[in-house]
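Beneath this line is the structure, given in structure tokens, with notes to follow.
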Amino acid sequence: MSLAFSATPAPAQTPDWEAVRAETLLHLQRMIRLNTVNPPGNEITVARYLDSTLKAAGIETHLFEPAPGRAAFVARLKGNGSKQPVVVMGHMDVVGVEREHWTVDPFAGEVKGGYLYGRGAIDDKGMLAANLETMLLLKRHVVDAGGTLSRDVVFVANSDEEAGGDWGMGWLIANHPELVRGEFALNEGGRTRVVQGRPLYVAVQNTEKVSHVVTVTARGPGGHASVPLAGNAVLRLGRALAAIGEHREPVQLTPTTRTFFAELSRVWPVAAERAAMADLASSSPSRAQRGARVLERTPVFDAVLRTGVSAVMLSGGIRHNVIPTEATATLNVRTLPGQSLDAVLARLKRAVGDSLVEFEVTERGDDAPPSDFRSPMFTALVEAVKELNPGMAVVPYLSTGATDSARLRRWGMQAYGVLPFPMNQDDEDRMHGNDERVPLESLHFGTRLIYGAVSRVAR
Ligand SMILES: [Zn+2]
């Protein structure tokens, strides 16, 4: 057990980890029992719970109700100001449930077979519980023990992450920026993976792909369906989509993906993929190409290697006997950070090669700079993991999904996505699904990971 605060005037006491385990579980159960399915959200119930718990511990809190039933909550442990604040954040709302497919009551917080079940157990009330416990432990074992924090530790709980996002981090940044500004933030968005029964790696999201919506419109002559026309817009669109489906954007490694694969290659259990990861991360272009060819067969790896284009919607025609003059498809384009959408569209147009097919950007996403994976925050995460399990790798991670962290990065903060609970694919797939659950052992590991990282960076 490390003395995390040996450099402070009074050494911190080591928490009683068995008591911490029970306390974290209790907080998470209570938050799961407060139904915050969004819509309508009603996050104010969880915010009041957090408010009373932290207040009772003597911690400064700020509770806002930006709209009836919605809440934005901030708590702060004061440091000596020698460094900028670190923010730990999570969202209080959850997605809905298909009750008939659950084997337990999704809002009971039931413990069964070593798991805590409930909507929000891993997305994102588990994070809230780990963050809450971190605040309580820092207060008890550092501040009240006469120790000093070098920076404020700020706890943020948001609303409306799962739908709309109107009352989330954006609202706090717009209305109370002074409360949430800091140097570092820990948010959702990462992964802690158990592969073949072994906790293997912690992927810390430090950058993400940018999501855009593009409409493809094919035009052609209209007429009676009894007289087939070669220029038929529906067929033209079909040919265009086939070409788009064949097209592959070039493989492009960012510093994050290169390090991700290099580090992962040290621990990956499948030999062929392990070798491909090392090849990809090597400095030899021909080896890198060979590695990419192996890894791109796995869709989740392929998606971090290149810009991705998914066809997601189709429309055209008004009735069965009329050839329409127009048919459209919607594409979701996810560019690698720093890549130009216009350049991608130029390549797609060339691949389609039909001047009667038009591309229009209907929603352009905002890029954000990556967070530094050699920063004191990242290092603190690495050290916290190594203390708990020296065999696990900690890797920077480019997520293909978009998170609120991009907003923070554009605002000048170094945001990192973590999901600190070791989980196998099955447990992870229950996120937004049925029988969502967190292994009790993983909840404890995650709590210690967050506490270990935050206490180190605020040392
Ligand atoms: Zn979430």
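Just remember, in the structure tokens the first chain shown is A, the second B, etc., residues are 1-based per chain, and ligands are 1-based in the order shown.
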
Surrounding residues as JSON, numbers by chain, ligand 1, max 12 Å, only C-alpha atoms and all ligand atoms:
{"A": [38, 89, 90, 91, 92, 93, 94, 95, 119, 120, 121, 122, 123, 124, 125, 126, 127, 128, 157, 158, 159, 160, 161, 162, 163, 165, 168, 187, 188, 189, 190, 401, 402, 403, 404, 405, 417, 418, 419, 431, 432]}

*Which residues come within 9 Å of Ala453 in chain A, counting only C-alpha atoms, excluding same-chain residues fewer than 6 positions away, as a list of chain:residue names?*
A:Met377, A:Phe378, A:Thr379, A:Ala380, A:Leu381, A:Val382, A:Glu383, A:Ala384, A:Val385

| task | Would you mind listing what lies within 9 Å of Leu408 in chain A as a ChimeraX atom specification, with only C-alpha atoms counted and same-chain residues fewer than 6 positions away left out? | result | /A:169-170,173,181,185,368,414-415

Could you turn the residues from that selection into a file that holds all heavy atoms, as an mmCIF file, in the first residue's frame?
```
data_model
loop_
_atom_site.group_PDB
_atom_site.id
_atom_site.type_symbol
_atom_site.label_atom_id
_atom_site.label_comp_id
_atom_site.auth_asym_id
_atom_site.auth_seq_id
_atom_site.Cartn_x
_atom_site.Cartn_y
_atom_site.Cartn_z
ATOM 1 N N MET A 169 -22.642 19.271 -19.723
ATOM 2 C CA MET A 169 -21.437 20.061 -19.509
ATOM 3 C C MET A 169 -21.514 21.389 -20.255
ATOM 4 O O MET A 169 -21.010 22.399 -19.774
ATOM 5 C CB MET A 169 -20.222 19.244 -19.969
ATOM 6 C CG MET A 169 -18.930 19.629 -19.307
ATOM 7 S SD MET A 169 -19.018 19.475 -17.510
ATOM 8 C CE MET A 169 -17.453 20.187 -17.053
ATOM 9 N N GLY A 170 -22.161 21.375 -21.416
ATOM 10 C CA GLY A 170 -22.294 22.610 -22.191
ATOM 11 C C GLY A 170 -23.004 23.701 -21.394
ATOM 12 O O GLY A 170 -22.621 24.871 -21.430
ATOM 13 N N ILE A 173 -20.601 24.995 -18.703
ATOM 14 C CA ILE A 173 -19.547 25.838 -19.281
ATOM 15 C C ILE A 173 -20.131 27.208 -19.642
ATOM 16 O O ILE A 173 -19.518 28.247 -19.419
ATOM 17 C CB ILE A 173 -18.912 25.155 -20.511
ATOM 18 C CG1 ILE A 173 -18.071 23.952 -20.070
ATOM 19 C CG2 ILE A 173 -18.049 26.138 -21.298
ATOM 20 C CD1 ILE A 173 -17.494 23.125 -21.208
ATOM 21 N N ARG A 181 -13.904 24.935 -14.609
ATOM 22 C CA ARG A 181 -12.650 25.048 -15.346
ATOM 23 C C ARG A 181 -11.519 24.386 -14.558
ATOM 24 O O ARG A 181 -11.471 24.468 -13.330
ATOM 25 C CB ARG A 181 -12.305 26.512 -15.621
ATOM 26 C CG ARG A 181 -11.149 26.635 -16.593
ATOM 27 C CD ARG A 181 -10.803 28.071 -16.907
ATOM 28 N NE ARG A 181 -11.626 28.694 -17.927
ATOM 29 C CZ ARG A 181 -11.565 28.422 -19.227
ATOM 30 N NH1 ARG A 181 -10.760 27.495 -19.676
ATOM 31 N NH2 ARG A 181 -12.331 29.065 -20.087
ATOM 32 N N ALA A 185 -9.563 16.696 -16.690
ATOM 33 C CA ALA A 185 -10.875 16.143 -16.371
ATOM 34 C C ALA A 185 -10.866 14.648 -16.619
ATOM 35 O O ALA A 185 -10.253 14.169 -17.578
ATOM 36 C CB ALA A 185 -11.953 16.806 -17.215
ATOM 37 N N ALA A 368 -11.406 18.461 -32.142
ATOM 38 C CA ALA A 368 -10.816 18.919 -30.891
ATOM 39 C C ALA A 368 -9.385 18.416 -30.809
ATOM 40 O O ALA A 368 -9.085 17.341 -31.334
ATOM 41 C CB ALA A 368 -11.616 18.388 -29.699
ATOM 42 N N GLN A 414 -7.527 19.282 -20.551
ATOM 43 C CA GLN A 414 -7.048 17.964 -20.952
ATOM 44 C C GLN A 414 -8.018 16.943 -20.358
ATOM 45 O O GLN A 414 -7.970 16.681 -19.155
ATOM 46 C CB GLN A 414 -5.649 17.711 -20.395
ATOM 47 C CG GLN A 414 -4.647 18.780 -20.741
ATOM 48 C CD GLN A 414 -3.748 18.358 -21.890
ATOM 49 O OE1 GLN A 414 -3.702 17.192 -22.271
ATOM 50 N NE2 GLN A 414 -3.047 19.308 -22.433
ATOM 51 N N ALA A 415 -8.904 16.434 -21.207
ATOM 52 C CA ALA A 415 -9.921 15.501 -20.722
ATOM 53 C C ALA A 415 -9.543 14.068 -21.093
ATOM 54 O O ALA A 415 -8.990 13.817 -22.170
ATOM 55 C CB ALA A 415 -11.276 15.861 -21.323
#
```

For range 294-300 of chain A, work out the shell of residues within 10 Å, counting only C-alpha atoms and skipping chain neighbours fewer than 4 positions away, then give it as a ChimeraX atom specification. /A:251,272-277,279-280,289-290,304-306,399-400

With only C-alpha atoms as the counted atoms, please give the residues lying no more than 6 Å from Pro85 in chain A, apart from itself and same-chain residues fewer than 3 positions off, as a PyMOL selection string. chain A and resi 151-153+182-183

Residues just named, written with N, CA, C and O atoms as a PDB file, in the first residue's frame:
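Ended up saving to part24.pdb:
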```
ATOM      1  N   ARG A 151      -4.117  21.000  -5.752  1.00  0.00           N
ATOM      2  CA  ARG A 151      -5.109  21.612  -6.643  1.00  0.00           C
ATOM      3  C   ARG A 151      -6.505  21.288  -6.133  1.00  0.00           C
ATOM      4  O   ARG A 151      -6.687  20.290  -5.417  1.00  0.00           O
ATOM      5  N   ASP A 152      -7.476  22.128  -6.517  1.00  0.00           N
ATOM      6  CA  ASP A 152      -8.862  21.822  -6.184  1.00  0.00           C
ATOM      7  C   ASP A 152      -9.244  20.521  -6.872  1.00  0.00           C
ATOM      8  O   ASP A 152      -8.830  20.264  -8.008  1.00  0.00           O
ATOM      9  N   VAL A 153     -10.041  19.713  -6.200  1.00  0.00           N
ATOM     10  CA  VAL A 153     -10.637  18.537  -6.829  1.00  0.00           C
ATOM     11  C   VAL A 153     -12.133  18.834  -6.961  1.00  0.00           C
ATOM     12  O   VAL A 153     -12.807  19.118  -5.972  1.00  0.00           O
ATOM     13  N   GLY A 182     -10.649  23.726 -15.285  1.00  0.00           N
ATOM     14  CA  GLY A 182      -9.517  23.087 -14.626  1.00  0.00           C
ATOM     15  C   GLY A 182      -8.488  22.694 -15.661  1.00  0.00           C
ATOM     16  O   GLY A 182      -8.655  22.943 -16.862  1.00  0.00           O
ATOM     17  N   GLU A 183      -7.417  22.062 -15.190  1.00  0.00           N
ATOM     18  CA  GLU A 183      -6.384  21.607 -16.115  1.00  0.00           C
ATOM     19  C   GLU A 183      -6.748  20.238 -16.691  1.00  0.00           C
ATOM     20  O   GLU A 183      -6.609  20.000 -17.880  1.00  0.00           O
TER      21      GLU A 183
END
```

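The two atoms in question, CA of Met313 in chain A and CA of Val213 in chain A, are spaced 10.8 Å apart.
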
Using only C-alpha atoms, the shortest atom-to-atom distance to Arg248 in chain A among A:Val214, A:Val234, A:Val195, A:Ala351 belongs to A:Ala351

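Atom to atom, CA of Ala203 in chain A and CA of Leu388 in chain A stand 15.5 Å apart.
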
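With only C-alpha atoms as the atoms that count, the residue of A:His212, A:Arg258, A:Arg456, A:His444 with the shortest distance to Val20 in chain A is A:His444.
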
Which of range 19-214 of chain A counts as helix (DSSP H, G or I) under DSSP, as JSON, numbers by chain please?
{"A": [19, 20, 21, 22, 23, 24, 25, 26, 27, 28, 29, 30, 31, 32, 33, 44, 45, 46, 47, 48, 49, 50, 51, 52, 53, 54, 55, 56, 99, 100, 101, 125, 126, 127, 128, 129, 130, 131, 132, 133, 134, 135, 136, 137, 138, 139, 140, 141, 142, 143, 169, 170, 171, 172, 173, 174, 175, 177, 178, 179, 180]}

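CA of Arg364 in chain A is positioned 23.3 Å from CA of Leu172 in chain A.
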
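Near Phe359 in chain A, within a cut-off of 7 Å and counting only C-alpha atoms, sit the residues Val214, Thr215, Val216, Thr217, Val357 and Val361 of chain A, with same-chain residues fewer than 2 positions away left out.
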
query: Gln425 in chain A: which residues within 10 Å, counting only C-alpha atoms, same-chain residues fewer than 3 positions away excluded, as a PyMOL selection string?
result: chain A and resi 193-196+428-430

Kindly export the residues of the current selection with C-alpha atoms, as a compact mmCIF listing (two decimals), in the first residue's frame.
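Once everything was written out, this is out-v3.txt:
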```txt
# COMPACT_ATOMS: atom_id res chain seq x y z
CA ARG A 193 -10.83 -4.87 -20.54
CA VAL A 194 -10.85 -8.42 -19.30
CA VAL A 195 -9.76 -10.68 -22.17
CA GLN A 196 -9.88 -14.46 -21.84
CA GLU A 428 -19.58 -4.36 -21.48
CA ASP A 429 -22.24 -5.21 -24.06
CA ARG A 430 -24.93 -4.81 -21.39
```

Closest of A:Arg76, A:Arg409, A:His101, A:Arg459 to Lys55 in chain A, counting only C-alpha atoms, is A:Arg76

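Counting only C-alpha atoms, the residue from A:Asn332, A:Thr192, A:Gln13, A:Asn42 that sits nearest to Gly146 in chain A is A:Gln13.
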
Using only C-alpha atoms, the shortest atom-to-atom distance to Gly69 in chain A among A:Ala56, A:Val46, A:Leu179, A:Leu28 belongs to A:Val46

Judged by only C-alpha atoms, the minimum distance to Leu449 in chain A among A:Pro422, A:Gly316, A:Gly113, A:Gly223 is found for A:Pro422

Select from range 204-312 of chain A every residue with an atom at most 10 Å from any atom of range 321-331 of chain A, then for each give the shortest pair of atoms and their distance in Å to one decimal, using only C-alpha atoms, rows by chain and rising number, as a tab-separated table.
```
residue	atom	partner	partner_atom	distance
A:His212	CA	A:Leu331	CA	8.2
A:Val213	CA	A:Leu331	CA	5.9
A:Val214	CA	A:Leu331	CA	5.1
A:Thr215	CA	A:Thr330	CA	4.6
A:Val216	CA	A:Ala329	CA	5.2
A:Thr217	CA	A:Thr328	CA	4.4
A:Ala218	CA	A:Ala327	CA	5.4
A:Arg219	CA	A:Glu326	CA	4.6
A:Gly220	CA	A:Thr325	CA	5.0
A:Pro221	CA	A:Thr325	CA	5.4
A:Gly222	CA	A:Thr325	CA	4.7
A:Gly223	CA	A:Ile323	CA	5.2
A:His224	CA	A:Val322	CA	5.0
A:Ala225	CA	A:Asn321	CA	4.8
A:Ser226	CA	A:Asn321	CA	7.2
A:Val227	CA	A:Ile323	CA	9.1
A:Pro228	CA	A:Ile323	CA	8.3
A:Leu229	CA	A:Ile323	CA	8.4
A:Gly231	CA	A:Thr325	CA	9.4
A:Asn232	CA	A:Ile323	CA	6.9
A:Ala233	CA	A:Glu326	CA	5.4
A:Val234	CA	A:Ala327	CA	5.5
A:Leu235	CA	A:Ala327	CA	8.9
A:Arg236	CA	A:Ala327	CA	8.5
A:Leu237	CA	A:Ala327	CA	6.5
A:Gly238	CA	A:Ala327	CA	9.3
A:Ala240	CA	A:Ala329	CA	9.8
A:Leu241	CA	A:Ala329	CA	8.2
A:Ile244	CA	A:Leu331	CA	9.8
A:Gly308	CA	A:Leu331	CA	10.0
A:Val309	CA	A:Leu331	CA	6.6
A:Ser310	CA	A:Leu331	CA	5.6
A:Ala311	CA	A:Leu331	CA	4.5
A:Val312	CA	A:Thr330	CA	5.7
```
